[in-house]
Amino acid sequence: METTLSGRIWKFGDNVNTDDITPSPYLTITDPSELAKHVMENLNPEFAGGVQKGDIIVAGRNFGCGSSREHAPVALKAAGVSLVVARTFARIFYRNAINLGLPVLESQELVDLVEEGEEIKADIERGEITVSSGKIIKTNPLPENVLGILEAGGLISKVRRILEAGE
Amino acid sequence: MSAGATLSEKILARASGEESVRPGDIVDAKVDLAMSHEACTFVIKSFKEMGAKKIWDKDKIVIILDHWVPASDVKSASLHKTIRDFVNEQGIDNFLDVGRGGIAHQILAEDGWVLPGMLVVGSDSHTPTAGALGAFATGIGFTEMAAVFALGELWLRVPENLKVIMDGSMGPRMDGKDLILEVIGQLKVDGAIYKAIEFTGSTVDSIGISHRLTICNMATEMGAKTGIISPDAKTEEYLAWTGKEYEAVRSDEDAVYQEERVFDITDLEPQVACPPNVDNVKGVNELKGVKVHQAFLGSCTNGRIEDLRAAAEILKGEKIHKDVRMIVMPASQKIYHQAMKEGLFDIFLESEATICAPSCGPCFGGHGGLLAAGEACISSTNRNFVARMGHPESFVYLASPWTVAASALYGEITDPRSV
């Protein structure tokens with residue numbers, strides 16, 4: 001995983017739930033690129049068509065609340081989203097994103113400071129975000145074990161290494 | 001002398017081999033029970049990508065098909081087939097196919113899979129239902145479940161504890177659903193993110209396991225990692241038939257809680273969560289005149305025999321409103337059978353409700369009872385998000401089985417105590 005990245009912002013509000021991210025009619029889809037075609041379609045119909053590789057989601061409180069469906073971070077990642085920054089995350093979404101290698105950072109203030117379409121830079125390891133004015137926003141740095149999963153490229157790679165080491 | 005521990009802390013300490021743990025600690029915990037449903041298809045994919053060959057312990061894995069049962073289309077039939085192939089290949093005995101189980105959270109409780117003190121993980125967000133029996137039960141994702149299938153453990157951050165104290169006696173035609181909706185309305189949908197909610201107080205002591213399962217089931221709607229209730233005589237009685245031994249771990253008197261919230265239940269009226277969020281809760285009498293087109297009774301939240309009996313008491317000898325269709329979906333095969341033996345089916349059929357097989361179908365907008373644009377449903381389920389039960393312009397009102405049945409009779413949201 002790249003620990004520094006930059007991208008354009010898509011803004012969302014509070015309590016974006018997993019039904020918003022991946023509506024239930026698509027839950028039997030197993031191909032991530034197919035899921036990506038429908039991501040956020042009830043909330044922002046422009047999103048799936050407009051999102052580009054590297055784009056960043058900035059949202060309010062409780063992002064990813066609702067079900068445990070991993071389709072939600074899978075679809076966001078497949079659509080090209082490189083990072084989600086929210087005031088807070090729902091816990092299962094947070095773990096799923098980390099496990100898939102999609103970075104997530106918590107910032108109380110970022111959503112109030114940035115505009116849709118603005119380019120920002122993020123340093124995941126340091127938990128720092130640089131907005132277009134040059135101002136640096138500090139986020140809660142990720143716990144060491146979480147960073148370890150991201151650095152391994154997600155939980156699948158990490159478990160593969162554990163299993164290989166045990167053989 | 002150090003302070004005492006909560007039930008959650010005791011379970012996580014034991015599961016991670018530590019003397020004691022405190023909120024914020026990150027532990028590697030060994031899982032006592034892992035449940036998966038159709039999500040298992042995706043679990044299997046990750047399991048194989050990990051290079052895993054064999055599941056860690058077949059006695060600790062239960063797989064229950066419940067979301068698209070019976071298979072609603074070719075895609076869901078294919079998901080089921082993938083799971084059956086994996087179950088056969090791995091020699092998993094604890095597999096409940098169509099007709100042999102029901103909704104997973106109900107099965108874990110009624111079939112005696114969950115015991116007090118266990119660490120339970122499930123690839124479903126309503127896994128905290130099992131906390132009603134004194135287990136630490138939490139929902140996880142699919143890749144994470146694959147890691148559990150391979151290794152039998154996962155990392156957990158020990159959660160802060162939120163004590164929800166409910167005091168007072170529950171009035172007639174009230175349900176655990178009304179209590180938890182009242183709590184969610186106050187604490188809001190992000191009021192317990194990452195936390196363990198422990199439910200306690202004289203109300204909780206006095207109500208049965210059915211109500212407790214409903215309460216813990218919806219802890220997840222506040223973002224909680226788990227909802228949990230210390231086991232007592234009612235828990236013991238509920239589990240007596242299993243003959244299984246367990247240690248009835250309870251929270252210490254001097255355990256530390258980050259926050260305590262007290263709810264007086266005495267004069268509470270039936271509660272309804274209005275679209276499009278579960279914390280948009282109002283008293284039933286504020287919603288007089290709101291028309292409903294469908295009434296749904298079922299789900300892991302309120303599809304138990306007690307819930308069916310409640311609805312039958314309201315519907316007995318009556319016809320549901322001509323503009324309403326009512327769907328009754330018992331949460332398990334056993335409940336289905338019991339309801340039939342008790343004559344509840346006669347009551348439902350004579351009132352012109354339809355009775356369907358146990359499934360999560362309509363609750364998550366999958367199949368079997370979805371809504372068209374402009375339609376409203378009064379539902380005993382757990383979520384009312386946009387498009388949750390069908391069209392993005394349909395509306396879901398969450399309520400108790402009593403309120404669902406009363407509203408079905410009158411075609412509008414109705415206080416069941418007035419019927």
# chains A, B, ... in the order shown; residues from 1 in each chain; ligands from 1
call {"tool": "residues_around", "arguments": {"residues": "Gln108 (chain A)", "least_positions_apart": "2", "cutoff": "12 Å", "atoms": "only C-alpha atoms", "output": "MDAnalysis selection string"}}
result
chainID A and resid 14 58:62 85:89 105:106 110:113 137:140
call {"tool": "select_by_dssp", "arguments": {"residues": "region 77-120 of chain A", "states": "strand (DSSP E)", "output": "PyMOL selection string"}}
result
chain A and resi 83-86+104-106+119-120
call {"tool": "closest_residue", "arguments": {"among": "B:Phe263, B:Trp113, B:Phe385, B:Tyr257", "to": "chain A", "atoms": "only C-alpha atoms"}}
result
B:Phe385
call {"tool": "residues_around", "arguments": {"residues": "Thr242 (chain B)", "least_positions_apart": "6", "cutoff": "10 Å", "atoms": "only C-alpha atoms", "output": "NGL selection string"}}
result
:B and (110-113 or 115)
call {"tool": "atom_distance", "arguments": {"atom1": "CA of Met170 (chain B)", "atom2": "CA of Val183 (chain B)"}}
result
14.3 Å
call {"tool": "interface_residues", "arguments": {"of": "chain A", "to": "chain B", "cutoff": "10 Å", "atoms": "only C-alpha atoms", "output": "ChimeraX atom specification"}}
result
/A:14-20,23-30,42-43,61-71,88-97,99-100,143-146,154-164
call {"tool": "closest_residue", "arguments": {"among": "B:Ile320, B:Ile335, B:Ala357, B:Ala137", "to": "Ala405 (chain B)", "atoms": "only C-alpha atoms"}}
result
B:Ile320
call {"tool": "closest_residue", "arguments": {"among": "A:Gly13, A:Pro32, A:Gly7, A:Pro73", "to": "Gly54 (chain A)", "atoms": "only C-alpha atoms"}}
result
A:Gly7
call {"tool": "atom_distance", "arguments": {"atom1": "CA of Asp25 (chain B)", "atom2": "CA of Val62 (chain B)"}}
result
28.6 Å
call {"tool": "decode", "arguments": {"residues": "region 84-167 of chain A", "atoms": "C-alpha atoms", "output": "PDB file, in the first residue's frame"}}
result
ATOM      1  CA  VAL A  84     -12.199   7.523   3.290  1.00  0.00           C
ATOM      2  CA  VAL A  85     -11.992  10.246   5.919  1.00  0.00           C
ATOM      3  CA  ALA A  86     -14.957  10.646   8.274  1.00  0.00           C
ATOM      4  CA  ARG A  87     -15.696  12.204  11.647  1.00  0.00           C
ATOM      5  CA  THR A  88     -16.387   8.659  12.896  1.00  0.00           C
ATOM      6  CA  PHE A  89     -16.876   5.232  11.344  1.00  0.00           C
ATOM      7  CA  ALA A  90     -19.247   2.397  12.067  1.00  0.00           C
ATOM      8  CA  ARG A  91     -17.067  -0.336  13.474  1.00  0.00           C
ATOM      9  CA  ILE A  92     -17.673  -3.220  11.056  1.00  0.00           C
ATOM     10  CA  PHE A  93     -17.166  -0.969   8.015  1.00  0.00           C
ATOM     11  CA  TYR A  94     -13.942   0.323   9.595  1.00  0.00           C
ATOM     12  CA  ARG A  95     -12.573  -3.190  10.089  1.00  0.00           C
ATOM     13  CA  ASN A  96     -13.702  -4.352   6.662  1.00  0.00           C
ATOM     14  CA  ALA A  97     -12.005  -1.402   4.958  1.00  0.00           C
ATOM     15  CA  ILE A  98      -8.732  -2.045   6.790  1.00  0.00           C
ATOM     16  CA  ASN A  99      -8.921  -5.774   6.064  1.00  0.00           C
ATOM     17  CA  LEU A 100      -9.346  -5.050   2.348  1.00  0.00           C
ATOM     18  CA  GLY A 101      -6.479  -2.554   2.317  1.00  0.00           C
ATOM     19  CA  LEU A 102      -8.702   0.538   1.949  1.00  0.00           C
ATOM     20  CA  PRO A 103      -7.311   3.208   4.325  1.00  0.00           C
ATOM     21  CA  VAL A 104      -9.719   4.997   6.668  1.00  0.00           C
ATOM     22  CA  LEU A 105      -8.880   8.010   8.831  1.00  0.00           C
ATOM     23  CA  GLU A 106     -10.931   9.791  11.473  1.00  0.00           C
ATOM     24  CA  SER A 107     -10.997  13.598  11.470  1.00  0.00           C
ATOM     25  CA  GLN A 108     -13.559  15.729  13.259  1.00  0.00           C
ATOM     26  CA  GLU A 109     -12.719  18.860  11.276  1.00  0.00           C
ATOM     27  CA  LEU A 110     -11.825  17.921   7.702  1.00  0.00           C
ATOM     28  CA  VAL A 111     -15.396  17.690   6.405  1.00  0.00           C
ATOM     29  CA  ASP A 112     -15.994  21.325   7.443  1.00  0.00           C
ATOM     30  CA  LEU A 113     -12.805  22.586   5.797  1.00  0.00           C
ATOM     31  CA  VAL A 114     -12.955  21.147   2.304  1.00  0.00           C
ATOM     32  CA  GLU A 115     -15.093  21.462  -0.805  1.00  0.00           C
ATOM     33  CA  GLU A 116     -16.355  18.817  -3.204  1.00  0.00           C
ATOM     34  CA  GLY A 117     -13.781  18.339  -5.972  1.00  0.00           C
ATOM     35  CA  GLU A 118     -10.892  19.828  -3.969  1.00  0.00           C
ATOM     36  CA  GLU A 119      -7.528  18.014  -4.229  1.00  0.00           C
ATOM     37  CA  ILE A 120      -6.007  16.898  -0.936  1.00  0.00           C
ATOM     38  CA  LYS A 121      -2.928  14.916   0.032  1.00  0.00           C
ATOM     39  CA  ALA A 122      -2.785  12.334   2.808  1.00  0.00           C
ATOM     40  CA  ASP A 123       0.024  10.628   4.679  1.00  0.00           C
ATOM     41  CA  ILE A 124      -1.579   7.509   6.124  1.00  0.00           C
ATOM     42  CA  GLU A 125       1.324   6.500   8.335  1.00  0.00           C
ATOM     43  CA  ARG A 126       1.583   9.915   9.981  1.00  0.00           C
ATOM     44  CA  GLY A 127      -2.176  10.467   9.933  1.00  0.00           C
ATOM     45  CA  GLU A 128      -1.776  13.865   8.250  1.00  0.00           C
ATOM     46  CA  ILE A 129      -3.916  15.454   5.560  1.00  0.00           C
ATOM     47  CA  THR A 130      -2.850  18.521   3.553  1.00  0.00           C
ATOM     48  CA  VAL A 131      -5.747  20.530   2.127  1.00  0.00           C
ATOM     49  CA  SER A 132      -5.439  22.714  -1.001  1.00  0.00           C
ATOM     50  CA  SER A 133      -4.609  25.859   1.011  1.00  0.00           C
ATOM     51  CA  GLY A 134      -1.563  24.029   2.394  1.00  0.00           C
ATOM     52  CA  LYS A 135      -3.024  23.660   5.879  1.00  0.00           C
ATOM     53  CA  ILE A 136      -2.134  20.359   7.552  1.00  0.00           C
ATOM     54  CA  ILE A 137      -4.868  18.502   9.446  1.00  0.00           C
ATOM     55  CA  LYS A 138      -3.844  15.943  12.046  1.00  0.00           C
ATOM     56  CA  THR A 139      -6.031  12.848  12.325  1.00  0.00           C
ATOM     57  CA  ASN A 140      -5.990  10.088  14.916  1.00  0.00           C
ATOM     58  CA  PRO A 141      -3.074   7.901  13.795  1.00  0.00           C
ATOM     59  CA  LEU A 142      -3.994   4.280  13.127  1.00  0.00           C
ATOM     60  CA  PRO A 143      -3.095   1.737  15.822  1.00  0.00           C
ATOM     61  CA  GLU A 144       0.079  -0.234  15.077  1.00  0.00           C
ATOM     62  CA  ASN A 145      -1.695  -3.540  14.369  1.00  0.00           C
ATOM     63  CA  VAL A 146      -4.110  -1.828  11.990  1.00  0.00           C
ATOM     64  CA  LEU A 147      -1.274  -0.142  10.124  1.00  0.00           C
ATOM     65  CA  GLY A 148       0.395  -3.566   9.976  1.00  0.00           C
ATOM     66  CA  ILE A 149      -2.627  -5.028   8.149  1.00  0.00           C
ATOM     67  CA  LEU A 150      -2.679  -2.113   5.685  1.00  0.00           C
ATOM     68  CA  GLU A 151       1.072  -2.402   5.093  1.00  0.00           C
ATOM     69  CA  ALA A 152       0.728  -6.113   4.404  1.00  0.00           C
ATOM     70  CA  GLY A 153      -1.782  -5.148   1.697  1.00  0.00           C
ATOM     71  CA  GLY A 154      -4.811  -6.295   3.680  1.00  0.00           C
ATOM     72  CA  LEU A 155      -5.795  -9.222   5.874  1.00  0.00           C
ATOM     73  CA  ILE A 156      -5.665 -11.840   3.106  1.00  0.00           C
ATOM     74  CA  SER A 157      -1.941 -11.213   2.539  1.00  0.00           C
ATOM     75  CA  LYS A 158      -1.307 -11.077   6.257  1.00  0.00           C
ATOM     76  CA  VAL A 159      -2.993 -14.419   6.955  1.00  0.00           C
ATOM     77  CA  ARG A 160      -1.269 -15.975   3.946  1.00  0.00           C
ATOM     78  CA  ARG A 161       2.092 -15.032   5.490  1.00  0.00           C
ATOM     79  CA  ILE A 162       1.056 -16.463   8.860  1.00  0.00           C
ATOM     80  CA  LEU A 163      -0.081 -19.728   7.260  1.00  0.00           C
ATOM     81  CA  GLU A 164       3.083 -19.995   5.139  1.00  0.00           C
ATOM     82  CA  ALA A 165       5.272 -19.351   8.183  1.00  0.00           C
ATOM     83  CA  GLY A 166       3.447 -22.097  10.075  1.00  0.00           C
ATOM     84  CA  GLU A 167       3.981 -24.760   7.420  1.00  0.00           C
TER      85      GLU A 167
END
